[in-house]
Structure formats: C-alpha cells, structure tokens
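Please read the structure below before turning to the comments.
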Amino acid sequence: MAGTVVERDAAPRGRRWWIEIGWRHVVGIVTIVACVLPLVYVLSASLNPGGTLTGSNQLFRTIDLANYRELFTGDYPSWFANSIIICTVTSISTVLMGGAAAYAFSRFRFRGRQGGLTALLIVQMFPQMLAFVAIFLVLLSIGEVFPALGLNSRMGLIAVYLGGALGVNTFLMYGFFNTVPRELDEAAKIDGASHAQIFWTIILRLVAPILAVVGLLSFIGTFGEFLVAKVVLQRSEEFTLAVGLYYWAADERTARWGLFAAGAVLAAIPVVLLFLMLQKYIVSGLTAGSVKG
C-alpha cells in the first residue's frame, strides 16, 4: 500500500548481538557465580556438624542446626554484643565529629584551612598498622591513669577507630557540604539563627545521604576490622566477632570450621540489614560530593 511506512527491528541479532550485548550477560553471570558460590559454601558448612571444610565439599549434604545452637553456649553472644556496641558508637560518633569538622572547613574561612585539608588527605596515605606499637604504648600509659580508655576496653578501641577514620570521612563530607548553597546559611543568619542552629536544623537534613554513607562505611569497616582490635583487646570476654572467630580458626588442626562458618553467617546479618536500609542513599551520597569541592 502506497504511503505505508515499514518499521524495521533495529535490535541487534546473531553475531552482532554477542559483540554488543551478549558478552555483558556472560560477564554478569560469571561475576554472580563467583560472588554467590563462596556464600553458599559457607552456609553449607555452617549446617554441617562434622566440623571440617573437606566434609562440606558436597553442598548441603547434611542440614543440621547444631552449630548454631552451640554458638550461644559460649562467648559468641558477648562477642556479637561487643561488635554491635563498638560499631554503633563508632559510626554515630564518626558522623557527628566528621560532619562538624566538614561544616567548619566548608563554611568558615580561617588561617590554616587549606593546610588542614591537605594534612587530612596526606595522613590517610599511611596505613594504620604503622602505628600499632604507638597505639599499644599510648593505651597502656592511659590505662594506668584512666582504665576505661586503656587496653582491654571498648572505649579505648572506639577512640582508636575515631582517630583513624576522622580524616578521610571529613574530606569525603567536605565535598558534599560544598554542594549545599551558602545562600541558605545567609538567609538563616538574617532570621537570627546561630551557626549551631544552622548546622543541626538545616545542613544536616540536606546532607543526609552522605551522613548515611559515612555511617554505613564506618560500621562495615569497624565490624570487620581485626588487626587493631586484636592489639587492643586481650581478654576473651572483650573480643569482637572478628577477633573471636579468628581464634576459632587459628589452628587448622583443631579448628571447628562448622562452628566458625555458623558464626560468620550470623555476623553478616547486621551488615546486610543496615545496607538494605541505607542503600537508597549510597549512590547519591558517594557521587554528589565529587561534583563540587
């Protein structure tokens, strides 16, 4: 029929489809398998009361909750509680302290401002493990005067974590704070608001995505941290999950891998739940701060 327009299917087919689209599906499937298979293996090992990794090669050959029941007969509940308390206090304190520092660098102009920002960035170049001896000696000396901040104390470990994470988180939040128009501050000042009122009632609400990201990263990083916690905490009842689970698997000849796997599975639950709660903030929180800084 005259005047009829024939629409052609522009979707790639055959070899062209594999070149443009198909290889992406293959890479995605391989990546998913590589990520999921270790998790499935650990879950299968946790359900195997045999207690050996070689006995768990056949996935879900045995399904038994004996390992999970045994977890709550020892120190595992106290380790879990210690980790939750330490990570929660550290993440909240990191958000508040880093937010206050980032607000000062973003909104105030004072001598040493640029030098301070540069110093924060340079300090992060050195890994925290270089300071293990210094951290141990400092906490040992402080413990003689104020035991609550010395060795074998949760507050001492929290103080160490805050000192190590403040620099990078301040720099991360500083870029996000710069995206908030200064006109909002000026309008609030005209209405008689103080800097504290501006910070708590206006700025923090507008920068909620980066606060959520910093809190999430701080929680995850602290939850899985092992080296500093092992240096500071030396009594079994004070261990975090990372340190406690390490001692369960330290000797491969006597390690109870089934119990270790069960503890690892339960340890992943708080991180997964927190990630699901805050995932809507992650993309905007990580990218917005890079637009302007």
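Ordering of the structure tokens sets the chain letters (A, B, ...), residue numbers begin anew at 1 in every chain, and ligands are numbered from 1 in the order given.
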Tell me which protein, DNA and RNA residues are within 6 Å of stretch 259-266 of chain A, counting only C-alpha atoms, leaving out same-chain ones fewer than 6 positions away, and put them as a short mmCIF file (atom, residue, chain, number, x, y, z; two decimals) with N, CA and C atoms, in the first residue's frame.
```
data_model
loop_
_atom_site.label_atom_id
_atom_site.label_comp_id
_atom_site.auth_asym_id
_atom_site.auth_seq_id
_atom_site.Cartn_x
_atom_site.Cartn_y
_atom_site.Cartn_z
N VAL A 42 29.86 -21.43 52.50
CA VAL A 42 29.92 -21.15 53.94
C VAL A 42 28.61 -21.53 54.61
N SER A 46 28.16 -24.31 57.54
CA SER A 46 27.58 -24.00 58.84
C SER A 46 26.50 -24.98 59.24
N ASN A 67 25.39 -26.48 65.01
CA ASN A 67 26.41 -25.44 65.13
C ASN A 67 25.83 -24.12 65.61
N TYR A 68 24.65 -23.78 65.12
CA TYR A 68 24.02 -22.52 65.53
C TYR A 68 23.59 -22.58 66.99
#
```
Closest contacts (stretch 186-293 of chain A/stretch 95-117 of chain A, max 7 Å, only C-alpha atoms) as JSON lines:
```
{"residue": "A:Leu211", "atom": "CA", "partner": "A:Val95", "partner_atom": "CA", "distance": 6.0}
{"residue": "A:Val214", "atom": "CA", "partner": "A:Val95", "partner_atom": "CA", "distance": 6.5}
{"residue": "A:Gly215", "atom": "CA", "partner": "A:Val95", "partner_atom": "CA", "distance": 6.0}
```
Written file, previous selection with N, CA, C and O atoms, as a compact mmCIF listing (two decimals), in the first residue's frame:
```
# COMPACT_ATOMS: atom_id res chain seq x y z
N LEU A 211 25.79 11.50 55.14
CA LEU A 211 25.84 11.04 56.53
C LEU A 211 25.54 9.55 56.60
O LEU A 211 26.18 8.80 57.35
N VAL A 214 28.63 7.64 55.16
CA VAL A 214 29.76 7.63 56.10
C VAL A 214 29.46 6.70 57.27
O VAL A 214 30.32 5.92 57.71
N GLY A 215 28.22 6.76 57.79
CA GLY A 215 27.85 5.88 58.87
C GLY A 215 27.91 4.42 58.47
O GLY A 215 28.39 3.57 59.22
```
Need the shell around A:Met277: protein/DNA/RNA residues with any atom at most 12 Å away, counting only C-alpha atoms. Skip same-chain ones fewer than 5 positions apart. Format as a ChimeraX atom specification? /A:212-213,215-216,270-272,282
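In terms of minimum interatomic distance to A:Ser78, A:Thr240 ranks closest within A:Thr240, A:Thr201, A:Asn169, A:Gln279, counting only C-alpha atoms.
Taking atom CA of A:Leu47 as the reference point, atom CA of A:Thr88 is found at 29.5 Å.
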Hey, what's within 12 Å of A:Arg182 if we count only C-alpha atoms and toss same-chain stuff fewer than 3 positions away? As a PDB file with all heavy atoms, in the first residue's frame, please?
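Writing the result to out39.pdb gives the following:
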```pdb
ATOM      1  N   TYR A 103      31.728  20.824  58.183  1.00  0.00           N
ATOM      2  CA  TYR A 103      30.987  22.091  58.174  1.00  0.00           C
ATOM      3  C   TYR A 103      31.926  23.260  58.421  1.00  0.00           C
ATOM      4  O   TYR A 103      31.814  24.310  57.762  1.00  0.00           O
ATOM      5  CB  TYR A 103      29.896  22.050  59.227  1.00  0.00           C
ATOM      6  CG  TYR A 103      29.119  23.339  59.366  1.00  0.00           C
ATOM      7  CD1 TYR A 103      28.156  23.696  58.422  1.00  0.00           C
ATOM      8  CD2 TYR A 103      29.344  24.205  60.425  1.00  0.00           C
ATOM      9  CE1 TYR A 103      27.446  24.876  58.534  1.00  0.00           C
ATOM     10  CE2 TYR A 103      28.643  25.394  60.550  1.00  0.00           C
ATOM     11  CZ  TYR A 103      27.702  25.723  59.611  1.00  0.00           C
ATOM     12  OH  TYR A 103      26.995  26.900  59.724  1.00  0.00           O
ATOM     13  N   SER A 106      34.038  23.833  55.314  1.00  0.00           N
ATOM     14  CA  SER A 106      33.246  24.265  54.171  1.00  0.00           C
ATOM     15  C   SER A 106      32.724  25.692  54.319  1.00  0.00           C
ATOM     16  O   SER A 106      32.684  26.440  53.333  1.00  0.00           O
ATOM     17  CB  SER A 106      32.070  23.304  53.969  1.00  0.00           C
ATOM     18  OG  SER A 106      31.220  23.737  52.929  1.00  0.00           O
ATOM     19  N   ARG A 107      32.335  26.082  55.532  1.00  0.00           N
ATOM     20  CA  ARG A 107      31.649  27.354  55.710  1.00  0.00           C
ATOM     21  C   ARG A 107      32.521  28.468  56.289  1.00  0.00           C
ATOM     22  O   ARG A 107      32.263  29.630  56.057  1.00  0.00           O
ATOM     23  CB  ARG A 107      30.438  27.152  56.632  1.00  0.00           C
ATOM     24  CG  ARG A 107      29.322  26.339  55.998  1.00  0.00           C
ATOM     25  CD  ARG A 107      28.864  27.020  54.713  1.00  0.00           C
ATOM     26  NE  ARG A 107      27.621  26.481  54.198  1.00  0.00           N
ATOM     27  CZ  ARG A 107      27.515  25.623  53.207  1.00  0.00           C
ATOM     28  NH1 ARG A 107      28.621  25.172  52.635  1.00  0.00           N
ATOM     29  NH2 ARG A 107      26.338  25.205  52.790  1.00  0.00           N
ATOM     30  N   PHE A 108      33.543  28.120  57.038  1.00  0.00           N
ATOM     31  CA  PHE A 108      34.374  29.138  57.669  1.00  0.00           C
ATOM     32  C   PHE A 108      35.657  29.345  56.864  1.00  0.00           C
ATOM     33  O   PHE A 108      36.136  28.433  56.194  1.00  0.00           O
ATOM     34  CB  PHE A 108      34.734  28.750  59.106  1.00  0.00           C
ATOM     35  CG  PHE A 108      33.529  28.584  59.993  1.00  0.00           C
ATOM     36  CD1 PHE A 108      33.578  27.734  61.086  1.00  0.00           C
ATOM     37  CD2 PHE A 108      32.352  29.261  59.740  1.00  0.00           C
ATOM     38  CE1 PHE A 108      32.480  27.572  61.908  1.00  0.00           C
ATOM     39  CE2 PHE A 108      31.245  29.104  60.545  1.00  0.00           C
ATOM     40  CZ  PHE A 108      31.309  28.256  61.630  1.00  0.00           C
ATOM     41  N   PHE A 177      29.298  18.910  51.517  1.00  0.00           N
ATOM     42  CA  PHE A 177      28.835  20.147  52.140  1.00  0.00           C
ATOM     43  C   PHE A 177      28.966  21.323  51.179  1.00  0.00           C
ATOM     44  O   PHE A 177      28.161  22.270  51.236  1.00  0.00           O
ATOM     45  CB  PHE A 177      29.638  20.427  53.413  1.00  0.00           C
ATOM     46  CG  PHE A 177      29.100  19.729  54.637  1.00  0.00           C
ATOM     47  CD1 PHE A 177      28.921  18.359  54.653  1.00  0.00           C
ATOM     48  CD2 PHE A 177      28.785  20.430  55.780  1.00  0.00           C
ATOM     49  CE1 PHE A 177      28.431  17.702  55.771  1.00  0.00           C
ATOM     50  CE2 PHE A 177      28.287  19.800  56.903  1.00  0.00           C
ATOM     51  CZ  PHE A 177      28.118  18.424  56.899  1.00  0.00           C
ATOM     52  N   ASN A 178      29.970  21.293  50.298  1.00  0.00           N
ATOM     53  CA  ASN A 178      30.153  22.387  49.349  1.00  0.00           C
ATOM     54  C   ASN A 178      29.043  22.446  48.313  1.00  0.00           C
ATOM     55  O   ASN A 178      28.885  23.466  47.636  1.00  0.00           O
ATOM     56  CB  ASN A 178      31.501  22.244  48.645  1.00  0.00           C
ATOM     57  CG  ASN A 178      32.663  22.623  49.541  1.00  0.00           C
ATOM     58  OD1 ASN A 178      32.493  23.331  50.545  1.00  0.00           O
ATOM     59  ND2 ASN A 178      33.856  22.159  49.203  1.00  0.00           N
ATOM     60  N   THR A 179      28.285  21.363  48.135  1.00  0.00           N
ATOM     61  CA  THR A 179      27.188  21.375  47.178  1.00  0.00           C
ATOM     62  C   THR A 179      25.938  22.062  47.738  1.00  0.00           C
ATOM     63  O   THR A 179      25.007  22.343  46.983  1.00  0.00           O
ATOM     64  CB  THR A 179      26.829  19.941  46.760  1.00  0.00           C
ATOM     65  OG1 THR A 179      26.360  19.206  47.901  1.00  0.00           O
ATOM     66  CG2 THR A 179      28.041  19.222  46.189  1.00  0.00           C
ATOM     67  N   ASP A 185      22.534  29.435  54.360  1.00  0.00           N
ATOM     68  CA  ASP A 185      23.141  29.886  55.612  1.00  0.00           C
ATOM     69  C   ASP A 185      22.889  31.372  55.839  1.00  0.00           C
ATOM     70  O   ASP A 185      22.543  31.803  56.945  1.00  0.00           O
ATOM     71  CB  ASP A 185      24.650  29.624  55.602  1.00  0.00           C
ATOM     72  CG  ASP A 185      24.983  28.159  55.422  1.00  0.00           C
ATOM     73  OD1 ASP A 185      24.281  27.482  54.655  1.00  0.00           O
ATOM     74  OD2 ASP A 185      25.949  27.689  56.047  1.00  0.00           O
ATOM     75  N   GLU A 186      23.054  32.143  54.769  1.00  0.00           N
ATOM     76  CA  GLU A 186      22.884  33.585  54.899  1.00  0.00           C
ATOM     77  C   GLU A 186      21.441  33.937  55.223  1.00  0.00           C
ATOM     78  O   GLU A 186      21.177  34.837  56.036  1.00  0.00           O
ATOM     79  CB  GLU A 186      23.329  34.267  53.609  1.00  0.00           C
ATOM     80  CG  GLU A 186      24.818  34.066  53.299  1.00  0.00           C
ATOM     81  CD  GLU A 186      25.200  34.571  51.928  1.00  0.00           C
ATOM     82  OE1 GLU A 186      24.274  35.041  51.203  1.00  0.00           O
ATOM     83  OE2 GLU A 186      26.385  34.510  51.573  1.00  0.00           O
ATOM     84  N   ALA A 187      20.495  33.241  54.604  1.00  0.00           N
ATOM     85  CA  ALA A 187      19.088  33.501  54.902  1.00  0.00           C
ATOM     86  C   ALA A 187      18.763  33.156  56.349  1.00  0.00           C
ATOM     87  O   ALA A 187      18.014  33.872  57.029  1.00  0.00           O
ATOM     88  CB  ALA A 187      18.196  32.714  53.950  1.00  0.00           C
ATOM     89  N   ALA A 188      19.321  32.060  56.834  1.00  0.00           N
ATOM     90  CA  ALA A 188      19.085  31.664  58.226  1.00  0.00           C
ATOM     91  C   ALA A 188      19.717  32.662  59.195  1.00  0.00           C
ATOM     92  O   ALA A 188      19.148  32.966  60.253  1.00  0.00           O
ATOM     93  CB  ALA A 188      19.644  30.270  58.471  1.00  0.00           C
ATOM     94  N   LYS A 189      20.886  33.200  58.846  1.00  0.00           N
ATOM     95  CA  LYS A 189      21.532  34.202  59.707  1.00  0.00           C
ATOM     96  C   LYS A 189      20.696  35.474  59.788  1.00  0.00           C
ATOM     97  O   LYS A 189      20.612  36.115  60.839  1.00  0.00           O
ATOM     98  CB  LYS A 189      22.927  34.514  59.183  1.00  0.00           C
ATOM     99  CG  LYS A 189      23.922  33.371  59.338  1.00  0.00           C
ATOM    100  CD  LYS A 189      25.278  33.741  58.762  1.00  0.00           C
ATOM    101  CE  LYS A 189      26.264  32.593  58.871  1.00  0.00           C
ATOM    102  NZ  LYS A 189      27.569  32.917  58.262  1.00  0.00           N
ATOM    103  N   ILE A 198      22.005  26.463  62.447  1.00  0.00           N
ATOM    104  CA  ILE A 198      22.107  26.197  61.013  1.00  0.00           C
ATOM    105  C   ILE A 198      22.610  24.781  60.767  1.00  0.00           C
ATOM    106  O   ILE A 198      22.093  24.051  59.915  1.00  0.00           O
ATOM    107  CB  ILE A 198      23.038  27.226  60.343  1.00  0.00           C
ATOM    108  CG1 ILE A 198      22.430  28.633  60.441  1.00  0.00           C
ATOM    109  CG2 ILE A 198      23.304  26.856  58.893  1.00  0.00           C
ATOM    110  CD1 ILE A 198      23.352  29.727  59.935  1.00  0.00           C
ATOM    111  N   ILE A 202      19.380  22.678  59.590  1.00  0.00           N
ATOM    112  CA  ILE A 202      19.317  22.891  58.138  1.00  0.00           C
ATOM    113  C   ILE A 202      20.303  21.996  57.402  1.00  0.00           C
ATOM    114  O   ILE A 202      19.922  21.185  56.556  1.00  0.00           O
ATOM    115  CB  ILE A 202      19.569  24.372  57.789  1.00  0.00           C
ATOM    116  CG1 ILE A 202      18.501  25.263  58.425  1.00  0.00           C
ATOM    117  CG2 ILE A 202      19.587  24.566  56.276  1.00  0.00           C
ATOM    118  CD1 ILE A 202      18.710  26.745  58.187  1.00  0.00           C
ATOM    119  N   ILE A 203      21.580  22.158  57.719  1.00  0.00           N
ATOM    120  CA  ILE A 203      22.630  21.488  56.950  1.00  0.00           C
ATOM    121  C   ILE A 203      22.535  19.966  57.061  1.00  0.00           C
ATOM    122  O   ILE A 203      22.590  19.247  56.063  1.00  0.00           O
ATOM    123  CB  ILE A 203      24.021  21.979  57.390  1.00  0.00           C
ATOM    124  CG1 ILE A 203      24.147  23.489  57.167  1.00  0.00           C
ATOM    125  CG2 ILE A 203      25.103  21.239  56.613  1.00  0.00           C
ATOM    126  CD1 ILE A 203      23.980  23.911  55.725  1.00  0.00           C
TER     127      ILE A 203
END
```
Spatial neighbours of A:Ser44, max dist 9 Å, only C-alpha atoms, sep filter under 6 positions, as number ranges by chain: A: 56-63, 258, 261
Here atom CA of A:Ile86 and atom CA of A:Asp251 stand apart by 27.0 Å
Calculate how many Å separate atom CA of A:Asp64 from atom CA of A:Asn48, rounding to one decimal.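 That distance, rounded to one decimal, is 6.2 Å.
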So which residues of stretch 159-258 of chain A fall under helix (DSSP H, G or I) by DSSP, listed as a PyMOL selection string? chain A and resi 159-177+182-190+195-206+208-223+227-232+236-238+241-249+257-258
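Around A:Ala81, within 10 Å and counting only C-alpha atoms, the residues found are Cys87, Glu238, Phe239, Thr240 and Leu241 of chain A, once anything fewer than 6 positions away on its own chain is removed.
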Generate a file of the selected residues that holds N, CA and C atoms, formatted as an mmCIF file, in the first residue's frame.
```cif
data_model
loop_
_atom_site.group_PDB
_atom_site.id
_atom_site.type_symbol
_atom_site.label_atom_id
_atom_site.label_comp_id
_atom_site.auth_asym_id
_atom_site.auth_seq_id
_atom_site.Cartn_x
_atom_site.Cartn_y
_atom_site.Cartn_z
ATOM 1 N N CYS A 87 30.689 -0.829 66.979
ATOM 2 C CA CYS A 87 30.422 -0.322 65.625
ATOM 3 C C CYS A 87 29.377 0.781 65.640
ATOM 4 N N GLU A 238 36.119 -9.602 76.102
ATOM 5 C CA GLU A 238 36.121 -8.290 75.468
ATOM 6 C C GLU A 238 36.284 -8.365 73.959
ATOM 7 N N PHE A 239 36.464 -9.560 73.401
ATOM 8 C CA PHE A 239 36.706 -9.711 71.967
ATOM 9 C C PHE A 239 35.525 -9.204 71.142
ATOM 10 N N THR A 240 35.858 -8.738 69.936
ATOM 11 C CA THR A 240 34.835 -8.513 68.924
ATOM 12 C C THR A 240 34.666 -9.793 68.113
ATOM 13 N N LEU A 241 33.696 -9.808 67.215
ATOM 14 C CA LEU A 241 33.457 -11.000 66.417
ATOM 15 C C LEU A 241 34.667 -11.377 65.567
#
```
